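Everything below belongs to target39.csv, which stores CSV, C-alpha atoms.
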```csv
chain,number,residue,atom,x,y,z
J,252,MET,CA,0.0,0.0,0.0
J,253,SER,CA,1.5,3.3,-1.1
J,254,ALA,CA,1.7,6.3,1.3
J,255,PRO,CA,-0.7,9.2,0.8
J,256,ARG,CA,0.5,12.0,-1.4
J,257,PHE,CA,0.0,15.5,0.1
J,258,THR,CA,-0.2,18.8,-1.8
J,259,THR,CA,-0.2,22.1,0.1
J,260,LEU,CA,-1.6,25.4,-1.2
J,261,GLY,CA,-1.3,28.8,0.6
J,262,CYS,CA,0.3,29.8,3.8
J,263,ARG,CA,3.0,28.5,6.2
J,264,LEU,CA,0.3,27.4,8.6
J,265,ASN,CA,-1.2,25.2,6.0
J,266,ALA,CA,2.2,23.7,5.4
J,267,TYR,CA,2.6,23.1,9.1
J,268,GLU,CA,-0.8,21.4,9.3
J,269,THR,CA,0.0,19.2,6.2
J,270,GLU,CA,2.9,17.8,8.2
J,271,ALA,CA,0.6,17.0,11.1
J,272,MET,CA,-1.9,15.4,8.7
J,273,LYS,CA,0.9,13.2,7.3
J,274,ASP,CA,1.5,12.0,10.8
J,275,LEU,CA,-2.2,11.4,11.5
J,276,ALA,CA,-2.7,9.6,8.1
J,277,GLY,CA,0.3,7.4,8.7
J,278,GLN,CA,-0.8,6.4,12.2
J,279,ALA,CA,-4.3,5.5,10.8
J,280,GLY,CA,-2.8,3.5,7.9
J,281,LEU,CA,-4.4,5.5,5.1
J,282,GLY,CA,-2.9,4.5,1.7
J,283,ASN,CA,-3.4,5.1,-2.0
J,284,ALA,CA,-4.8,8.6,-1.5
J,285,VAL,CA,-4.1,12.1,-2.6
J,286,VAL,CA,-4.8,14.9,0.0
J,287,VAL,CA,-5.0,18.6,-1.2
J,288,ASN,CA,-4.8,21.2,1.6
J,289,THR,CA,-6.4,24.3,0.0
J,290,CYS,CA,-6.2,28.0,0.5
J,291,ALA,CA,-9.2,30.4,0.3
J,292,VAL,CA,-7.5,33.8,0.7
J,293,THR,CA,-8.6,35.0,-2.8
J,294,ALA,CA,-10.9,33.8,-5.5
J,295,GLU,CA,-7.8,33.1,-7.5
J,296,ALA,CA,-6.6,30.7,-4.8
J,297,VAL,CA,-9.8,28.7,-5.0
J,298,ARG,CA,-9.5,28.6,-8.8
J,299,LYS,CA,-6.0,27.3,-8.5
J,300,ALA,CA,-7.2,24.7,-6.0
J,301,ARG,CA,-9.7,23.3,-8.5
J,302,GLN,CA,-7.1,23.3,-11.2
J,303,GLU,CA,-4.6,21.4,-9.0
J,304,ILE,CA,-7.3,18.9,-8.1
J,305,ARG,CA,-8.0,18.1,-11.7
J,306,ARG,CA,-4.3,17.8,-12.4
J,307,LEU,CA,-3.7,15.4,-9.5
J,308,ARG,CA,-6.7,13.3,-10.6
J,309,ARG,CA,-5.2,12.9,-14.1
J,310,GLU,CA,-1.9,11.9,-12.6
J,311,ASN,CA,-3.4,9.6,-10.0
J,312,PRO,CA,-6.5,8.0,-11.6
J,313,GLY,CA,-6.7,5.1,-9.1
J,314,ALA,CA,-6.1,7.1,-5.9
J,315,ARG,CA,-8.8,8.4,-3.5
J,316,LEU,CA,-8.7,12.2,-3.6
J,317,ILE,CA,-9.4,14.1,-0.4
J,318,VAL,CA,-9.8,17.9,-0.3
J,319,THR,CA,-9.3,19.9,2.9
J,320,GLY,CA,-8.1,23.3,4.1
J,321,CYS,CA,-9.7,26.8,4.1
J,322,ALA,CA,-11.4,26.6,0.7
J,323,ALA,CA,-12.9,23.2,1.6
J,324,GLN,CA,-14.2,24.8,4.9
J,325,THR,CA,-15.7,27.9,3.2
J,326,GLU,CA,-17.0,26.2,0.0
J,327,PRO,CA,-17.5,22.5,0.7
J,328,ASP,CA,-20.3,22.2,-1.9
J,329,THR,CA,-17.9,23.6,-4.6
J,330,PHE,CA,-15.5,20.7,-4.1
J,331,ALA,CA,-18.1,18.0,-3.3
J,332,ALA,CA,-19.6,18.8,-6.8
J,333,MET,CA,-16.3,18.0,-8.5
J,334,ASP,CA,-16.3,14.5,-10.1
J,335,GLU,CA,-12.6,14.2,-9.2
J,336,VAL,CA,-13.2,14.5,-5.4
J,337,ASP,CA,-13.9,11.6,-3.2
J,338,ALA,CA,-14.2,13.4,0.2
J,339,VAL,CA,-14.2,16.9,1.6
J,340,ILE,CA,-12.8,17.4,5.1
J,341,GLY,CA,-13.1,20.6,7.2
J,342,ASN,CA,-10.3,22.5,9.0
J,343,THR,CA,-11.3,21.1,12.4
J,344,GLU,CA,-11.8,17.6,11.1
J,345,LYS,CA,-8.4,17.4,9.3
J,346,MET,CA,-6.6,17.7,12.7
J,347,GLN,CA,-8.6,14.9,14.4
J,348,PRO,CA,-7.1,11.4,14.5
J,349,ALA,CA,-10.6,9.9,14.3
J,350,THR,CA,-11.2,11.5,10.9
J,351,TRP,CA,-8.2,9.7,9.4
J,352,GLY,CA,-9.1,6.5,11.2
J,353,ARG,CA,-12.6,6.6,9.5
J,354,LEU,CA,-11.1,7.4,6.1
J,355,ALA,CA,-8.6,4.5,6.4
J,356,ALA,CA,-11.1,2.0,7.7
J,357,ASP,CA,-14.0,2.7,5.4
J,358,PHE,CA,-13.4,5.4,2.9
J,359,ILE,CA,-16.6,5.8,1.0
J,360,GLY,CA,-19.1,3.2,2.4
J,361,GLN,CA,-20.2,4.4,5.9
J,362,THR,CA,-18.0,7.5,6.0
J,363,GLU,CA,-19.8,10.8,5.1
J,364,ARG,CA,-18.4,12.2,1.9
J,365,VAL,CA,-18.5,15.7,3.3
J,366,GLN,CA,-17.2,16.2,6.8
J,367,VAL,CA,-17.3,19.9,7.5
J,368,ASP,CA,-18.7,21.3,10.7
J,369,ASP,CA,-19.3,24.9,11.9
J,370,ILE,CA,-15.8,26.3,12.4
J,371,MET,CA,-17.2,29.1,14.5
J,372,SER,CA,-18.3,26.6,17.2
J,373,VAL,CA,-14.7,25.5,17.8
J,374,THR,CA,-13.3,26.8,21.0
J,375,GLU,CA,-9.9,25.0,21.3
J,376,THR,CA,-6.9,24.6,19.1
J,377,ALA,CA,-6.1,21.2,17.7
J,378,GLY,CA,-4.3,19.0,20.1
J,379,HIS,CA,-2.0,17.5,17.5
J,380,LEU,CA,1.4,19.1,17.6
J,381,ILE,CA,4.4,18.1,15.6
J,382,ASP,CA,7.9,18.1,16.8
J,383,GLY,CA,9.6,19.6,13.8
J,384,PHE,CA,8.6,20.8,10.3
J,385,GLY,CA,10.5,21.9,7.3
J,386,THR,CA,14.3,21.5,7.3
J,387,ARG,CA,16.6,20.5,10.1
J,388,SER,CA,17.5,24.2,10.5
J,389,ARG,CA,14.3,25.6,11.9
J,390,ALA,CA,11.0,24.4,13.4
J,391,TYR,CA,7.6,26.0,13.2
J,392,VAL,CA,5.3,25.9,16.2
J,393,GLN,CA,1.7,26.8,15.8
J,394,VAL,CA,0.6,28.7,18.9
J,395,GLN,CA,-2.7,30.3,17.7
J,396,ASN,CA,-5.4,29.7,15.1
J,397,GLY,CA,-8.4,31.6,13.8
J,398,CYS,CA,-9.2,35.4,13.9
J,399,ASP,CA,-11.7,37.5,15.7
J,400,HIS,CA,-11.4,40.4,13.3
J,401,ARG,CA,-13.4,41.0,10.1
J,402,CYS,CA,-11.4,42.8,7.6
J,403,THR,CA,-13.6,43.6,4.6
J,404,PHE,CA,-11.3,41.8,2.1
J,405,CYS,CA,-10.7,38.6,4.1
J,406,ILE,CA,-12.6,35.3,4.1
J,407,ILE,CA,-10.1,33.6,6.4
J,408,PRO,CA,-12.1,33.8,9.7
J,409,TYR,CA,-14.8,31.7,8.0
J,410,GLY,CA,-12.2,29.1,7.1
J,411,ARG,CA,-10.3,29.2,10.4
J,412,GLY,CA,-12.9,30.2,13.0
J,413,ASN,CA,-12.5,32.6,15.9
J,414,SER,CA,-9.1,33.0,17.6
J,415,ARG,CA,-7.9,30.2,19.8
J,416,SER,CA,-4.6,30.0,21.7
J,417,VAL,CA,-2.3,27.1,22.7
J,418,PRO,CA,-1.5,27.4,26.4
J,419,ALA,CA,2.0,28.7,27.2
J,420,GLY,CA,3.0,25.6,29.1
J,421,VAL,CA,2.2,23.4,26.1
J,422,VAL,CA,4.2,25.7,23.8
J,423,VAL,CA,7.2,25.7,26.1
J,424,ASP,CA,7.2,21.9,26.5
J,425,GLN,CA,7.1,21.5,22.7
J,426,ILE,CA,10.0,23.9,22.2
J,427,LYS,CA,12.0,22.1,24.8
J,428,ARG,CA,11.5,18.9,22.8
J,429,LEU,CA,12.6,20.7,19.6
J,430,VAL,CA,15.7,22.1,21.1
J,431,GLY,CA,16.5,18.6,22.5
J,432,ALA,CA,16.1,17.2,19.0
J,433,GLY,CA,18.8,19.6,17.7
J,434,TYR,CA,16.8,22.6,16.3
J,435,ASN,CA,18.6,25.9,16.6
J,436,GLU,CA,15.7,28.1,15.6
J,437,VAL,CA,12.0,28.1,16.4
J,438,VAL,CA,9.4,30.2,14.6
J,439,LEU,CA,6.1,31.0,16.3
J,440,THR,CA,3.2,31.0,13.9
J,441,GLY,CA,-0.5,31.5,13.8
J,442,VAL,CA,-3.3,33.1,11.8
J,443,ASP,CA,-3.5,36.3,14.0
J,444,LEU,CA,-0.4,35.8,16.1
J,445,THR,CA,-0.7,39.0,18.2
J,446,SER,CA,-4.1,37.9,19.4
J,447,TRP,CA,-2.5,35.0,21.2
J,448,GLY,CA,-3.7,34.7,24.8
J,449,ALA,CA,-6.9,36.7,24.7
J,450,ASP,CA,-9.0,33.5,25.2
J,451,LEU,CA,-6.7,32.0,28.0
J,452,PRO,CA,-7.1,32.6,31.7
J,453,ALA,CA,-5.6,35.9,32.8
J,454,GLN,CA,-5.5,36.9,29.1
J,455,PRO,CA,-1.7,36.9,28.6
J,456,ARG,CA,-0.2,38.6,25.6
J,457,LEU,CA,2.2,37.5,22.9
J,458,GLY,CA,5.1,39.3,24.7
J,459,ASP,CA,4.4,37.3,27.8
J,460,LEU,CA,4.7,34.1,25.8
J,461,VAL,CA,8.0,35.2,24.1
J,462,MET,CA,9.5,36.2,27.5
J,463,ARG,CA,8.4,32.9,29.0
J,464,ILE,CA,9.9,30.9,26.2
J,465,LEU,CA,13.3,32.7,26.4
J,466,LYS,CA,13.4,32.3,30.2
J,467,LEU,CA,12.3,28.7,30.4
J,468,VAL,CA,14.2,27.4,27.3
J,469,PRO,CA,17.6,28.9,27.9
J,470,ASP,CA,19.3,26.5,25.4
J,471,LEU,CA,17.2,27.8,22.5
J,472,PRO,CA,19.6,29.8,20.3
J,473,ARG,CA,17.1,31.7,18.2
J,474,LEU,CA,13.4,32.5,18.4
J,475,ARG,CA,11.6,34.1,15.5
J,476,ILE,CA,8.1,35.6,15.1
J,477,SER,CA,6.0,35.2,12.0
J,478,SER,CA,3.5,37.8,10.7
J,479,ILE,CA,2.1,40.2,13.4
J,480,ASP,CA,-0.4,43.0,13.5
J,481,SER,CA,1.7,45.9,14.8
J,482,ILE,CA,-1.2,47.8,16.4
J,483,GLU,CA,-1.7,44.8,18.8
J,484,VAL,CA,2.0,44.6,19.9
J,485,ASP,CA,2.2,44.7,23.7
J,486,ASP,CA,4.8,46.3,26.1
J,487,ASN,CA,6.5,42.9,26.9
J,488,LEU,CA,7.0,42.2,23.2
J,489,MET,CA,8.6,45.6,22.8
J,490,GLN,CA,10.8,44.9,25.8
J,491,ALA,CA,11.9,41.6,24.3
J,492,ILE,CA,12.8,43.3,21.0
J,493,ALA,CA,14.9,45.8,23.0
J,494,THR,CA,16.6,43.4,25.4
J,495,GLU,CA,16.6,39.8,24.1
J,496,PRO,CA,19.3,39.1,21.4
J,497,ARG,CA,17.9,35.6,20.9
J,498,LEU,CA,14.7,37.1,19.5
J,499,MET,CA,15.6,37.7,15.9
J,500,PRO,CA,15.5,41.3,14.5
J,501,HIS,CA,13.0,40.6,11.7
J,502,LEU,CA,9.3,41.3,11.9
J,503,HIS,CA,6.7,40.7,9.1
J,504,LEU,CA,3.9,43.2,9.5
J,505,SER,CA,0.3,42.9,8.3
J,506,LEU,CA,0.0,46.5,7.0
J,507,GLN,CA,-2.1,46.0,3.9
J,508,HIS,CA,-2.2,49.7,2.8
J,509,GLY,CA,-0.7,53.1,3.4
J,510,ASP,CA,-3.8,55.3,3.0
J,511,ASP,CA,-6.0,56.1,6.0
J,512,LEU,CA,-9.3,56.1,4.0
J,513,ILE,CA,-8.5,52.7,2.4
J,514,LEU,CA,-7.5,51.3,5.8
J,515,LYS,CA,-10.8,52.3,7.2
J,516,ARG,CA,-12.6,50.7,4.3
J,517,MET,CA,-10.6,47.6,4.9
J,518,LYS,CA,-11.7,47.7,8.6
J,519,ARG,CA,-8.1,47.7,9.7
J,520,ARG,CA,-7.4,48.8,13.3
J,521,HIS,CA,-4.4,51.0,12.5
J,522,LEU,CA,-3.8,54.2,10.5
J,523,ARG,CA,-0.8,55.1,8.4
J,524,ASP,CA,1.0,57.0,11.3
J,525,ASP,CA,0.5,54.1,13.6
J,526,ALA,CA,2.6,51.9,11.2
J,527,ILE,CA,5.3,54.5,10.9
J,528,ARG,CA,5.5,55.1,14.6
J,529,PHE,CA,5.8,51.4,15.3
J,530,THR,CA,8.6,50.8,12.9
J,531,GLU,CA,10.5,53.9,14.1
J,532,THR,CA,10.1,52.7,17.8
J,533,ALA,CA,11.2,49.2,17.0
J,534,ARG,CA,14.3,50.4,15.1
J,535,CYS,CA,15.2,52.7,18.0
J,536,LEU,CA,15.0,49.7,20.3
J,537,ARG,CA,16.8,47.4,17.9
J,538,PRO,CA,18.8,49.3,15.2
J,539,ASP,CA,19.4,46.1,13.2
J,540,MET,CA,15.7,45.4,12.9
J,541,THR,CA,14.3,44.7,9.4
J,542,PHE,CA,10.7,44.6,8.3
J,543,GLY,CA,8.6,42.7,5.8
J,544,ALA,CA,5.0,43.6,5.1
J,545,ASP,CA,1.9,42.5,3.3
J,546,ILE,CA,0.5,45.2,1.0
J,547,ILE,CA,-2.6,45.0,-1.2
J,548,ALA,CA,-2.5,46.9,-4.6
J,549,GLY,CA,-5.8,48.0,-6.1
J,550,PHE,CA,-8.2,47.6,-3.2
J,551,PRO,CA,-11.7,48.8,-4.2
J,552,THR,CA,-12.0,52.6,-4.5
J,553,GLU,CA,-8.2,53.0,-4.4
J,554,SER,CA,-7.3,56.3,-6.2
J,555,GLU,CA,-3.9,57.0,-7.6
J,556,ALA,CA,-3.3,59.3,-4.6
J,557,ALA,CA,-4.2,56.6,-2.2
J,558,PHE,CA,-1.9,54.2,-4.0
J,559,GLU,CA,0.9,56.7,-3.8
J,560,ASN,CA,0.5,56.6,0.0
J,561,SER,CA,1.1,52.9,0.0
J,562,LEU,CA,4.1,53.3,-2.3
J,563,ARG,CA,5.6,55.9,0.1
J,564,LEU,CA,5.0,53.6,3.0
J,565,VAL,CA,7.8,51.4,1.7
J,566,GLU,CA,10.3,54.1,2.5
J,567,ASP,CA,8.5,55.6,5.5
J,568,CYS,CA,8.5,52.3,7.3
J,569,HIS,CA,11.9,51.1,6.0
J,570,LEU,CA,10.2,48.0,4.6
J,571,THR,CA,12.6,45.4,3.0
J,572,TRP,CA,10.7,42.2,2.3
J,573,LEU,CA,7.4,42.9,0.6
J,574,HIS,CA,4.6,40.5,-0.1
J,575,VAL,CA,2.5,42.4,-2.7
J,576,PHE,CA,-1.0,41.1,-3.4
J,577,PRO,CA,-2.9,42.4,-6.4
J,578,TYR,CA,-6.5,42.7,-5.2
J,579,SER,CA,-9.0,40.3,-6.5
J,580,PRO,CA,-12.6,40.2,-5.2
J,581,ARG,CA,-13.4,37.3,-2.8
J,582,PRO,CA,-17.1,36.3,-3.0
J,583,GLY,CA,-18.7,36.6,0.4
J,584,THR,CA,-16.6,39.5,1.6
J,585,PRO,CA,-17.9,43.2,1.9
J,586,ALA,CA,-15.0,44.4,-0.3
J,587,ALA,CA,-16.3,42.4,-3.2
J,588,ARG,CA,-19.4,44.6,-3.3
J,589,MET,CA,-17.4,47.8,-3.4
J,590,PRO,CA,-16.5,49.7,-6.6
J,591,GLN,CA,-13.7,47.9,-8.2
J,592,VAL,CA,-10.4,49.2,-9.6
J,593,ASP,CA,-9.6,48.5,-13.2
J,594,GLY,CA,-7.6,45.3,-13.6
J,595,ARG,CA,-4.8,47.0,-15.7
J,596,ALA,CA,-4.4,49.6,-13.0
J,597,ILE,CA,-4.1,46.9,-10.3
J,598,LYS,CA,-1.5,45.1,-12.3
J,599,ASP,CA,0.5,48.3,-12.9
J,600,ARG,CA,0.3,49.3,-9.2
J,601,ALA,CA,1.4,45.9,-8.0
J,602,ALA,CA,4.4,46.0,-10.3
J,603,ARG,CA,5.4,49.5,-9.0
J,604,LEU,CA,5.1,48.2,-5.4
J,605,ARG,CA,7.3,45.2,-6.3
J,606,ALA,CA,9.8,47.5,-7.9
J,607,ALA,CA,10.0,49.6,-4.8
J,608,GLY,CA,10.4,46.5,-2.7
J,609,ALA,CA,13.2,45.3,-5.0
J,610,ALA,CA,15.0,48.7,-4.6
J,611,ARG,CA,14.8,48.3,-0.8
J,612,VAL,CA,16.2,44.8,-1.0
J,613,ALA,CA,19.1,46.1,-3.1
J,614,ALA,CA,19.8,48.8,-0.6
J,615,HIS,CA,19.7,46.4,2.3
J,616,LEU,CA,22.1,44.0,0.6
J,617,ALA,CA,24.5,46.8,-0.2
J,618,GLU,CA,24.4,47.9,3.5
J,619,GLN,CA,25.6,44.5,4.6
J,620,GLN,CA,29.0,44.7,2.9
J,621,GLY,CA,31.7,43.9,5.4
J,622,ARG,CA,29.3,43.2,8.3
J,623,HIS,CA,29.5,40.1,10.5
J,624,HIS,CA,26.5,37.8,10.9
J,625,ALA,CA,25.5,34.6,12.6
J,626,VAL,CA,24.0,32.5,9.8
J,627,LEU,CA,21.7,29.6,10.3
J,628,MET,CA,22.4,27.1,7.6
J,629,GLU,CA,19.4,25.8,5.6
J,630,ASN,CA,21.5,23.6,3.4
J,631,ALA,CA,25.2,23.0,2.8
J,632,ARG,CA,25.7,26.2,0.9
J,633,MET,CA,22.9,28.6,1.9
J,634,GLY,CA,21.7,30.0,5.2
J,635,ARG,CA,20.0,33.1,6.6
J,636,THR,CA,21.1,36.0,8.8
J,637,GLU,CA,19.3,37.2,11.9
J,638,GLN,CA,17.3,39.5,9.6
J,639,PHE,CA,16.3,36.5,7.4
J,640,THR,CA,18.5,37.6,4.5
J,641,GLU,CA,19.8,34.7,2.4
J,642,VAL,CA,23.6,34.1,2.4
J,643,VAL,CA,25.5,31.8,0.0
J,644,PHE,CA,28.9,30.3,0.7
J,645,ASP,CA,31.5,28.8,-1.7
J,646,SER,CA,32.1,25.8,0.5
J,647,ASP,CA,29.9,23.4,2.6
J,648,ARG,CA,28.7,24.1,6.1
J,649,PRO,CA,26.7,21.7,8.4
J,650,GLU,CA,23.0,22.0,7.8
J,651,GLY,CA,21.2,23.4,10.9
J,652,ALA,CA,24.4,24.9,12.3
J,653,ILE,CA,24.8,28.6,13.2
J,654,VAL,CA,28.0,29.8,11.7
J,655,PRO,CA,29.9,33.1,11.8
J,656,ALA,CA,30.1,34.9,8.5
J,657,THR,CA,31.5,38.1,7.0
J,658,VAL,CA,29.7,39.5,4.1
J,659,THR,CA,31.8,39.9,1.0
J,660,GLY,CA,29.2,41.1,-1.5
J,661,HIS,CA,25.9,40.1,-3.0
J,662,THR,CA,24.3,38.6,-6.1
J,663,GLY,CA,21.4,41.0,-6.3
J,664,THR,CA,19.1,38.7,-4.3
J,665,GLN,CA,21.5,37.0,-1.8
J,666,LEU,CA,24.5,38.0,0.2
J,667,THR,CA,27.8,36.2,-0.4
J,668,ALA,CA,30.0,35.5,2.6
J,669,THR,CA,33.1,33.8,4.0
```
For this file, write the structure as structure tokens.
Amino acid sequence: MSAPRFTTLGCRLNAYETEAMKDLAGQAGLGNAVVVNTCAVTAEAVRKARQEIRRLRRENPGARLIVTGCAAQTEPDTFAAMDEVDAVIGNTEKMQPATWGRLAADFIGQTERVQVDDIMSVTETAGHLIDGFGTRSRAYVQVQNGCDHRCTFCIIPYGRGNSRSVPAGVVVDQIKRLVGAGYNEVVLTGVDLTSWGADLPAQPRLGDLVMRILKLVPDLPRLRISSIDSIEVDDNLMQAIATEPRLMPHLHLSLQHGDDLILKRMKRRHLRDDAIRFTETARCLRPDMTFGADIIAGFPTESEAAFENSLRLVEDCHLTWLHVFPYSPRPGTPAARMPQVDGRAIKDRAARLRAAGAARVAAHLAEQQGRHHAVLMENARMGRTEQFTEVVFDSDRPEGAIVPATVTGHTGTQLTAT
């Protein structure tokens, strides 16, 4: 019996959960199956999921095809109606051992073809944690799931449910196991990471979790935080940024736009000046801090002047690593009913944002000439600095090791070092 084949679409959290599903499916003995973990962030993501399912069916005509993930959660009927699909599994169900046991024992007969419950009724995070994911260099730890906010462009809360947090003790214990297994860097991840703790007793904040990890796991060399909402950053997290060298100086910010009116129409909780003030404060506390950011180009009603405010935000916030998203309407969201921007204008604005981001990357790479870094090796010849910049070497280093390096130049996208 062949092992199931898994395909992941979308975010890092989906990739983490795919690793957990591999474990669950293996324990259940599921074989001769293809599992597609979908994304629902845009209508284009759903279209790509359907395209991928058709391709996988052509390549695996005799396999049982299971669809799960956010698109399966928000649009179960869409995927159930596809002739290529044998079963549709919701985001809660995909993390439950019993689901995979039923699939392995009796795939079609007595098992319901569509297993998707109301995600909004879920009050706890999945209990299935994995000790390690990705390469031997870094491990990702999911500490939070879901989102309580309702941005007008976003369908994700309906795929992930309301915010739920993993208790700090559980997180610390897992990180201790990861460090014991040889991992030198751990990344905290979640859907809305800065909301961590709001549903726990005493309502701790993300900064409390970070400080607790660093105190109780002294052998952890590097702790990294994935995407955060800067307006929700608490005092303890700012203290950690200022005083804890093991917390890496790289933050990816969910900014989305640089114009106040568009931010209000998005139902974001910050304004332009809030973003600028946060990045200025963080850089004062940690001068080597670098920032990434999500920015949407062409949100409904976006004028050229509003777009220019986003473009200027790249310099005003010293953004280096940009994730630019050309807006596409997501059915079921309020933004889809707003006046839309012409598609050619959206494409042009996205290209201009990416060009601004590329210029910032070039400037960042040039600034590193001659500097010394501790590089975490992702493979024998490539690793990343504390700021998450790629570094290439001309000879082999041990994968997963943290090695000292002096920057000698750059290739345009990567640093070179000895």
* **Residue nearest J:Pro649 - candidates J:Ser388, J:Leu457, J:Gly261, J:Gln620, atoms counted: all atoms listed in the file** =>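 Of J:Ser388, J:Leu457, J:Gly261, J:Gln620, the one nearest J:Pro649 is J:Ser388, counting all atoms listed in the file.
The coordinates place atom CA of J:Asp337 at 13.7 Å from atom CA of J:Arg353.
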* Which residues come within 8 Å of J:Asn342, counting all atoms listed in the file, excluding same-chain residues fewer than 6 positions away, as a VMD selection string? -> chain J and resid 319 to 321 323 to 324 367 370 410 to 411
* Kindly indicate which residue among J:Glu295, J:Glu553, J:Asp511, J:Glu531 lies nearest to J:Glu566, using all atoms listed in the file for the distances. =>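 Closest to J:Glu566, using all atoms listed in the file: J:Glu531.
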* To do: Would you mind telling me which residue in J:Val468, J:Ala601, J:Ala453, J:Cys402 lies nearest to J:Val437 when using all atoms listed in the file?
  => J:Val468
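The shortest atom-to-atom distance to J:Leu564, with all atoms listed in the file taken into account, belongs to J:Gly509 out of J:Gly549, J:Pro469, J:Gly509, J:Gly431.
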* Structure fact -> Of J:Pro455, J:Gly608, J:Gly651, J:Gly621, the one sitting nearest J:Met633 when using all atoms listed in the file is J:Gly651
* **Best match for closeness to J:Gln454 among J:Lys466, J:Asp399, J:Gln366, J:Ser416, counting only C-alpha atoms** =>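 Closest to J:Gln454, using only C-alpha atoms: J:Ser416.
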